[in-house]
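Chemist: Sharing my_file_36.cif here; it has mmCIF, C-alpha atoms and all ligand atoms.
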```cif
data_my_file
loop_
_atom_site.group_PDB
_atom_site.id
_atom_site.type_symbol
_atom_site.label_atom_id
_atom_site.label_comp_id
_atom_site.auth_asym_id
_atom_site.auth_seq_id
_atom_site.Cartn_x
_atom_site.Cartn_y
_atom_site.Cartn_z
ATOM 1 C CA MET R 1 -40.196 -68.224 24.993
ATOM 2 C CA ASP R 2 -40.399 -71.078 27.530
ATOM 3 C CA LYS R 3 -42.010 -73.337 24.975
ATOM 4 C CA LEU R 4 -39.254 -72.581 22.460
ATOM 5 C CA ASP R 5 -36.513 -73.267 25.022
ATOM 6 C CA GLU R 6 -38.167 -76.574 25.762
ATOM 7 C CA ILE R 7 -38.232 -77.562 22.073
ATOM 8 C CA LEU R 8 -34.660 -76.445 21.461
ATOM 9 C CA SER R 9 -33.286 -78.298 24.456
ATOM 10 C CA LYS R 10 -35.124 -81.451 23.360
ATOM 11 C CA TYR R 11 -33.164 -81.433 20.073
ATOM 12 C CA LYS R 12 -29.858 -80.228 21.502
ATOM 13 C CA ASP R 13 -26.966 -81.960 19.711
ATOM 14 C CA THR R 14 -29.366 -83.805 17.375
ATOM 15 C CA LYS R 15 -28.277 -83.876 13.737
ATOM 16 C CA GLY R 16 -30.887 -82.883 11.160
ATOM 17 C CA ALA R 17 -33.095 -81.345 13.825
ATOM 18 C CA LEU R 18 -34.150 -78.265 11.893
ATOM 19 C CA ILE R 19 -37.329 -79.683 10.327
ATOM 20 C CA PRO R 20 -38.607 -81.404 13.498
ATOM 21 C CA ILE R 21 -37.900 -78.197 15.440
ATOM 22 C CA LEU R 22 -39.819 -76.119 12.896
ATOM 23 C CA GLN R 23 -42.712 -78.600 13.018
ATOM 24 C CA GLU R 24 -42.918 -78.466 16.804
ATOM 25 C CA VAL R 25 -42.572 -74.700 16.881
ATOM 26 C CA GLN R 26 -45.377 -74.356 14.370
ATOM 27 C CA GLU R 27 -47.536 -76.706 16.366
ATOM 28 C CA GLY R 28 -46.971 -74.588 19.447
ATOM 29 C CA PHE R 29 -47.167 -71.112 17.918
ATOM 30 C CA GLY R 30 -49.525 -71.846 15.021
ATOM 31 C CA TYR R 31 -46.925 -70.501 12.567
ATOM 32 C CA LEU R 32 -43.227 -69.610 12.413
ATOM 33 C CA PRO R 33 -42.684 -66.098 13.778
ATOM 34 C CA LYS R 34 -39.627 -64.268 12.422
ATOM 35 C CA ASP R 35 -37.970 -63.744 15.828
ATOM 36 C CA VAL R 36 -38.387 -67.440 16.590
ATOM 37 C CA MET R 37 -36.622 -68.400 13.343
ATOM 38 C CA VAL R 38 -33.752 -66.090 14.266
ATOM 39 C CA ARG R 39 -33.522 -67.732 17.682
ATOM 40 C CA ILE R 40 -33.543 -71.244 16.126
ATOM 41 C CA ALA R 41 -30.730 -70.263 13.750
ATOM 42 C CA LYS R 42 -28.685 -68.905 16.641
ATOM 43 C CA ASP R 43 -29.236 -72.004 18.712
ATOM 44 C CA LEU R 44 -28.363 -74.388 15.865
ATOM 45 C CA LYS R 45 -25.445 -72.144 14.824
ATOM 46 C CA ILE R 46 -26.650 -71.925 11.241
ATOM 47 C CA PRO R 47 -27.498 -68.877 9.107
ATOM 48 C CA VAL R 48 -31.009 -67.446 9.468
ATOM 49 C CA SER R 49 -31.256 -67.697 5.671
ATOM 50 C CA ARG R 50 -31.062 -71.485 5.956
ATOM 51 C CA VAL R 51 -33.913 -71.638 8.482
ATOM 52 C CA TYR R 52 -35.931 -69.257 6.332
ATOM 53 C CA GLY R 53 -35.079 -71.284 3.207
ATOM 54 C CA VAL R 54 -36.415 -74.506 4.745
ATOM 55 C CA ALA R 55 -39.491 -72.756 6.147
ATOM 56 C CA THR R 56 -40.388 -71.314 2.754
ATOM 57 C CA PHE R 57 -39.538 -74.460 0.757
ATOM 58 C CA TYR R 58 -42.038 -76.757 2.468
ATOM 59 C CA ALA R 59 -45.740 -76.043 2.071
ATOM 60 C CA GLN R 60 -46.398 -77.400 5.583
ATOM 61 C CA PHE R 61 -44.795 -74.314 7.158
ATOM 62 C CA TYR R 62 -46.585 -71.001 7.595
ATOM 63 C CA LEU R 63 -44.830 -67.677 8.052
ATOM 64 C CA ALA R 64 -48.012 -65.889 9.106
ATOM 65 C CA PRO R 65 -50.741 -66.914 11.546
ATOM 66 C CA TYR R 66 -53.242 -69.398 10.151
ATOM 67 C CA GLY R 67 -56.821 -69.935 11.181
ATOM 68 C CA LYS R 68 -57.938 -72.878 13.269
ATOM 69 C CA TYR R 69 -59.879 -73.982 10.186
ATOM 70 C CA THR R 70 -58.369 -73.781 6.717
ATOM 71 C CA ILE R 71 -61.054 -73.648 4.042
ATOM 72 C CA ARG R 72 -59.808 -74.855 0.676
ATOM 73 C CA VAL R 73 -61.998 -74.301 -2.330
ATOM 74 C CA CYS R 74 -61.124 -76.133 -5.517
ATOM 75 C CA ARG R 75 -60.870 -74.050 -8.690
ATOM 76 C CA GLY R 76 -59.953 -76.965 -10.952
ATOM 77 C CA THR R 77 -61.755 -77.507 -14.248
ATOM 78 C CA ALA R 78 -64.286 -80.053 -12.958
ATOM 79 C CA CYS R 79 -65.176 -77.865 -9.989
ATOM 80 C CA HIS R 80 -65.232 -74.718 -12.096
ATOM 81 C CA ILE R 81 -67.729 -76.282 -14.521
ATOM 82 C CA GLN R 82 -69.921 -77.376 -11.610
ATOM 83 C CA GLY R 83 -70.121 -73.915 -10.041
ATOM 84 C CA ALA R 84 -67.082 -73.508 -7.774
ATOM 85 C CA LYS R 85 -67.039 -69.775 -8.500
ATOM 86 C CA LYS R 86 -70.443 -69.283 -6.853
ATOM 87 C CA VAL R 87 -69.405 -71.415 -3.872
ATOM 88 C CA LEU R 88 -66.196 -69.412 -3.442
ATOM 89 C CA SER R 89 -68.061 -66.178 -3.723
ATOM 90 C CA ALA R 90 -70.546 -67.287 -1.029
ATOM 91 C CA ILE R 91 -67.689 -68.302 1.274
ATOM 92 C CA LYS R 92 -66.019 -64.935 0.754
ATOM 93 C CA ASN R 93 -69.260 -63.168 1.650
ATOM 94 C CA ILE R 94 -69.828 -65.286 4.754
ATOM 95 C CA THR R 95 -66.286 -65.077 6.115
ATOM 96 C CA GLY R 96 -65.370 -61.632 4.813
ATOM 97 C CA LEU R 97 -62.106 -63.139 3.594
ATOM 98 C CA GLU R 98 -60.309 -63.019 0.282
ATOM 99 C CA GLU R 99 -58.069 -65.846 -0.873
ATOM 100 C CA GLY R 100 -54.967 -66.182 1.271
ATOM 101 C CA GLU R 101 -56.465 -64.223 4.165
ATOM 102 C CA THR R 102 -57.007 -65.263 7.775
ATOM 103 C CA SER R 103 -59.781 -63.894 9.957
ATOM 104 C CA GLN R 104 -58.748 -61.637 12.825
ATOM 105 C CA ASP R 105 -60.123 -64.102 15.372
ATOM 106 C CA LEU R 106 -57.861 -66.749 13.764
ATOM 107 C CA ARG R 107 -60.826 -69.031 13.145
ATOM 108 C CA PHE R 108 -60.677 -69.263 9.330
ATOM 109 C CA THR R 109 -58.078 -69.087 6.573
ATOM 110 C CA LEU R 110 -59.336 -69.155 2.986
ATOM 111 C CA GLU R 111 -57.335 -70.730 0.160
ATOM 112 C CA THR R 112 -58.042 -71.917 -3.342
ATOM 113 C CA VAL R 113 -56.355 -74.931 -4.906
ATOM 114 C CA SER R 114 -56.163 -76.312 -8.413
ATOM 115 C CA CYS R 115 -57.517 -79.812 -7.686
ATOM 116 C CA LEU R 116 -58.361 -81.671 -4.503
ATOM 117 C CA GLY R 117 -58.273 -85.040 -6.237
ATOM 118 C CA ALA R 118 -61.988 -85.736 -5.863
ATOM 119 C CA CYS R 119 -63.316 -84.349 -9.136
ATOM 120 C CA ALA R 120 -66.331 -86.704 -9.153
ATOM 121 C CA LEU R 121 -67.632 -84.745 -6.151
ATOM 122 C CA ALA R 122 -67.254 -81.357 -7.829
ATOM 123 C CA PRO R 123 -67.593 -78.665 -6.772
ATOM 124 C CA ILE R 124 -65.711 -79.439 -3.617
ATOM 125 C CA MET R 125 -64.314 -77.676 -0.592
ATOM 126 C CA MET R 126 -62.211 -78.909 2.294
ATOM 127 C CA ILE R 127 -62.060 -77.684 5.858
ATOM 128 C CA ASN R 128 -58.843 -78.930 7.391
ATOM 129 C CA LYS R 129 -58.957 -82.650 6.502
ATOM 130 C CA ASP R 130 -62.703 -82.959 5.836
ATOM 131 C CA TYR R 131 -64.044 -83.046 2.276
ATOM 132 C CA PHE R 132 -67.416 -81.562 1.345
ATOM 133 C CA GLY R 133 -68.611 -82.471 -2.127
ATOM 134 C CA LYS R 134 -71.397 -81.349 -4.465
ATOM 135 C CA MET R 135 -71.214 -77.935 -2.853
ATOM 136 C CA THR R 136 -73.697 -75.154 -3.319
ATOM 137 C CA PRO R 137 -73.570 -71.696 -1.766
ATOM 138 C CA GLN R 138 -76.363 -72.785 0.625
ATOM 139 C CA LYS R 139 -74.528 -75.951 1.714
ATOM 140 C CA ALA R 140 -71.336 -73.947 2.244
ATOM 141 C CA ALA R 141 -73.228 -71.487 4.459
ATOM 142 C CA THR R 142 -74.668 -74.307 6.594
ATOM 143 C CA ILE R 143 -71.278 -76.016 6.984
ATOM 144 C CA LEU R 144 -69.462 -72.793 7.830
ATOM 145 C CA ARG R 145 -72.080 -71.938 10.432
ATOM 146 C CA ARG R 146 -71.262 -75.227 12.164
ATOM 147 C CA TYR R 147 -67.547 -74.440 12.228
ATOM 148 C CA ARG R 148 -68.198 -70.899 13.367
ATOM 149 C CA GLU R 149 -70.256 -72.070 16.334
ATOM 150 C CA GLU R 150 -67.802 -74.773 17.446
HETATM 151 S S1 LIG R 201 -61.075 -80.204 -10.156
HETATM 152 FE FE1 LIG R 201 -61.874 -79.962 -8.185
HETATM 153 S S2 LIG R 201 -61.391 -81.791 -7.188
HETATM 154 FE FE2 LIG R 201 -60.466 -81.978 -9.117
#
```
For the file at hand, write its structure as C-alpha cells.

Modeler:
Amino acid sequence: MDKLDEILSKYKDTKGALIPILQEVQEGFGYLPKDVMVRIAKDLKIPVSRVYGVATFYAQFYLAPYGKYTIRVCRGTACHIQGAKKVLSAIKNITGLEEGETSQDLRFTLETVSCLGACALAPIMMINKDYFGKMTPQKAATILRRYREE
C-alpha cells in the first residue's frame, strides 16, 4: 500500500482529486482493486458508492486486471463484410481468449468494438494504440507472435 499512500498524500486537501487519484492508482496497479477503492473513499471522506460510480462511469477505468496489450477487433459492418469474423476467430484460437477475457499472464486482453473509425482499412484490429488494417487470420497470427515474444 506504499504506492497508494504516496498517491493519496500527493492529493491531500485537493478539490476534485478523485479522478486524478483513480488514474494514478490504475497506472500503478493496472486496474482499480476493490480494497483500494474503499481506502480512497475513506481517505477522501466520501461514500464508496461515489468512488465506484466514477470508476464504472468512465471507460478508461478497469475494475479487473487488464493485459499489457489490449487487442481490439472491429465488428462493425465494413469489417464484418471484409472478414472480421475469421480474424477474430483466429485471434481467439491463438490467445485462447474469449471477448472480454484477459490471459493469466496478463499479456493480452481481447475486446471487440463496433467501429474503430478506419473502415477503409477493414477488417481492422488494434493493439493498444497501434492500428493493423486489411487483416487476415495469417497476418493476425504474425502480429500476435511479435507481441507475445516482446
Ligand atoms: S467498421 Fe471497422 S473500422 Fe469501421

Chemist: Neighbours of ligand LIG 201 (chain R) within 12 Å, counting all atoms listed in the file, as a PDB file with C-alpha atoms, in the coordinates of the input?

Modeler:
```pdb
ATOM      1  CA  ARG R  72     -59.808 -74.855   0.676  1.00  0.00           C
ATOM      2  CA  VAL R  73     -61.998 -74.301  -2.330  1.00  0.00           C
ATOM      3  CA  CYS R  74     -61.124 -76.133  -5.517  1.00  0.00           C
ATOM      4  CA  ARG R  75     -60.870 -74.050  -8.690  1.00  0.00           C
ATOM      5  CA  GLY R  76     -59.953 -76.965 -10.952  1.00  0.00           C
ATOM      6  CA  THR R  77     -61.755 -77.507 -14.248  1.00  0.00           C
ATOM      7  CA  ALA R  78     -64.286 -80.053 -12.958  1.00  0.00           C
ATOM      8  CA  CYS R  79     -65.176 -77.865  -9.989  1.00  0.00           C
ATOM      9  CA  HIS R  80     -65.232 -74.718 -12.096  1.00  0.00           C
ATOM     10  CA  ILE R  81     -67.729 -76.282 -14.521  1.00  0.00           C
ATOM     11  CA  GLN R  82     -69.921 -77.376 -11.610  1.00  0.00           C
ATOM     12  CA  GLY R  83     -70.121 -73.915 -10.041  1.00  0.00           C
ATOM     13  CA  ALA R  84     -67.082 -73.508  -7.774  1.00  0.00           C
ATOM     14  CA  LYS R  85     -67.039 -69.775  -8.500  1.00  0.00           C
ATOM     15  CA  THR R 112     -58.042 -71.917  -3.342  1.00  0.00           C
ATOM     16  CA  VAL R 113     -56.355 -74.931  -4.906  1.00  0.00           C
ATOM     17  CA  SER R 114     -56.163 -76.312  -8.413  1.00  0.00           C
ATOM     18  CA  CYS R 115     -57.517 -79.812  -7.686  1.00  0.00           C
ATOM     19  CA  LEU R 116     -58.361 -81.671  -4.503  1.00  0.00           C
ATOM     20  CA  GLY R 117     -58.273 -85.040  -6.237  1.00  0.00           C
ATOM     21  CA  ALA R 118     -61.988 -85.736  -5.863  1.00  0.00           C
ATOM     22  CA  CYS R 119     -63.316 -84.349  -9.136  1.00  0.00           C
ATOM     23  CA  ALA R 120     -66.331 -86.704  -9.153  1.00  0.00           C
ATOM     24  CA  LEU R 121     -67.632 -84.745  -6.151  1.00  0.00           C
ATOM     25  CA  ALA R 122     -67.254 -81.357  -7.829  1.00  0.00           C
ATOM     26  CA  PRO R 123     -67.593 -78.665  -6.772  1.00  0.00           C
ATOM     27  CA  ILE R 124     -65.711 -79.439  -3.617  1.00  0.00           C
ATOM     28  CA  MET R 125     -64.314 -77.676  -0.592  1.00  0.00           C
ATOM     29  CA  MET R 126     -62.211 -78.909   2.294  1.00  0.00           C
ATOM     30  CA  TYR R 131     -64.044 -83.046   2.276  1.00  0.00           C
ATOM     31  CA  PHE R 132     -67.416 -81.562   1.345  1.00  0.00           C
ATOM     32  CA  GLY R 133     -68.611 -82.471  -2.127  1.00  0.00           C
ATOM     33  CA  LYS R 134     -71.397 -81.349  -4.465  1.00  0.00           C
ATOM     34  CA  MET R 135     -71.214 -77.935  -2.853  1.00  0.00           C
TER      35      MET R 135
END
```

Chemist: List the neighbours of Lys68 in chain R out to 7 Å using only C-alpha atoms; skip same-chain residues closer than 5 positions along the sequence, and give me the result as a PDB file with C-alpha atoms, in the frame of the given file.

Modeler:
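New file result32.pdb:
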```pdb
ATOM      1  CA  LEU R 106     -57.861 -66.749  13.764  1.00  0.00           C
ATOM      2  CA  ARG R 107     -60.826 -69.031  13.145  1.00  0.00           C
ATOM      3  CA  PHE R 108     -60.677 -69.263   9.330  1.00  0.00           C
TER       4      PHE R 108
END
```

Chemist: When you draw a straight line from CA of Asp105 in chain R to CA of Gly67 in chain R, how long is it in Å?

Modeler: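 A separation of 7.9 Å between them.
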
Chemist: Take the PyMOL selection byres (((chain R and resi 20) around 12) and not hetatm), run it mentally on this structure, and tell me the resulting residues as an MDAnalysis selection string.

Modeler: chainID R and resid 7:8 10:12 14:19 21:27 40 51 54:55 60:61

Chemist: Provide the CA of Ala141 in chain R to CA of Gly100 in chain R distance in Å, to one decimal place.

Modeler: 19.3 Å

Chemist: Which residues match the PyMOL selection byres (((chain R and resi 64) around 7) and not hetatm) in the file above, as an MDAnalysis selection string?

Modeler: chainID R and resid 31:32 62:63 65:66

Chemist: May I ask for the distance between CA of Leu88 in chain R and CA of Lys129 in chain R, given in Å to one decimal place?

Modeler: 18.1 Å

Chemist: Specify as a ChimeraX atom specification each residue included when the PyMOL selection byres (((chain R and resi 92) around 12) and not hetatm) is applied to this file.

Modeler: /R:71-73,85-91,93-103,108-112,137,140-141,144

Chemist: With the input short on atoms, add N, CA and C atoms back to range 131-143 of chain R and write it as a PDB file, in the coordinates of the input.

Modeler:
```
ATOM      1  N   TYR R 131     -63.582 -83.386   3.633  1.00  0.00           N
ATOM      2  CA  TYR R 131     -64.044 -83.046   2.276  1.00  0.00           C
ATOM      3  C   TYR R 131     -65.550 -82.801   2.296  1.00  0.00           C
ATOM      4  N   PHE R 132     -65.985 -81.814   1.523  1.00  0.00           N
ATOM      5  CA  PHE R 132     -67.416 -81.562   1.345  1.00  0.00           C
ATOM      6  C   PHE R 132     -67.663 -81.442  -0.154  1.00  0.00           C
ATOM      7  N   GLY R 133     -68.393 -82.427  -0.691  1.00  0.00           N
ATOM      8  CA  GLY R 133     -68.611 -82.471  -2.127  1.00  0.00           C
ATOM      9  C   GLY R 133     -69.968 -81.957  -2.539  1.00  0.00           C
ATOM     10  N   LYS R 134     -70.139 -81.826  -3.874  1.00  0.00           N
ATOM     11  CA  LYS R 134     -71.397 -81.349  -4.465  1.00  0.00           C
ATOM     12  C   LYS R 134     -71.867 -80.078  -3.765  1.00  0.00           C
ATOM     13  N   MET R 135     -70.914 -79.151  -3.605  1.00  0.00           N
ATOM     14  CA  MET R 135     -71.214 -77.935  -2.853  1.00  0.00           C
ATOM     15  C   MET R 135     -72.115 -76.984  -3.612  1.00  0.00           C
ATOM     16  N   THR R 136     -72.902 -76.274  -2.811  1.00  0.00           N
ATOM     17  CA  THR R 136     -73.697 -75.154  -3.319  1.00  0.00           C
ATOM     18  C   THR R 136     -73.435 -74.009  -2.335  1.00  0.00           C
ATOM     19  N   PRO R 137     -73.748 -72.794  -2.717  1.00  0.00           N
ATOM     20  CA  PRO R 137     -73.570 -71.696  -1.766  1.00  0.00           C
ATOM     21  C   PRO R 137     -74.348 -71.943  -0.465  1.00  0.00           C
ATOM     22  N   GLN R 138     -75.546 -72.529  -0.572  1.00  0.00           N
ATOM     23  CA  GLN R 138     -76.363 -72.785   0.625  1.00  0.00           C
ATOM     24  C   GLN R 138     -75.703 -73.835   1.525  1.00  0.00           C
ATOM     25  N   LYS R 139     -75.189 -74.912   0.907  1.00  0.00           N
ATOM     26  CA  LYS R 139     -74.528 -75.951   1.714  1.00  0.00           C
ATOM     27  C   LYS R 139     -73.281 -75.378   2.401  1.00  0.00           C
ATOM     28  N   ALA R 140     -72.543 -74.557   1.672  1.00  0.00           N
ATOM     29  CA  ALA R 140     -71.336 -73.947   2.244  1.00  0.00           C
ATOM     30  C   ALA R 140     -71.703 -73.103   3.463  1.00  0.00           C
ATOM     31  N   ALA R 141     -72.799 -72.350   3.350  1.00  0.00           N
ATOM     32  CA  ALA R 141     -73.228 -71.487   4.459  1.00  0.00           C
ATOM     33  C   ALA R 141     -73.570 -72.331   5.688  1.00  0.00           C
ATOM     34  N   THR R 142     -74.282 -73.437   5.474  1.00  0.00           N
ATOM     35  CA  THR R 142     -74.668 -74.307   6.594  1.00  0.00           C
ATOM     36  C   THR R 142     -73.430 -74.910   7.262  1.00  0.00           C
ATOM     37  N   ILE R 143     -72.498 -75.382   6.444  1.00  0.00           N
ATOM     38  CA  ILE R 143     -71.278 -76.016   6.984  1.00  0.00           C
ATOM     39  C   ILE R 143     -70.443 -74.989   7.754  1.00  0.00           C
TER      40      ILE R 143
END
```
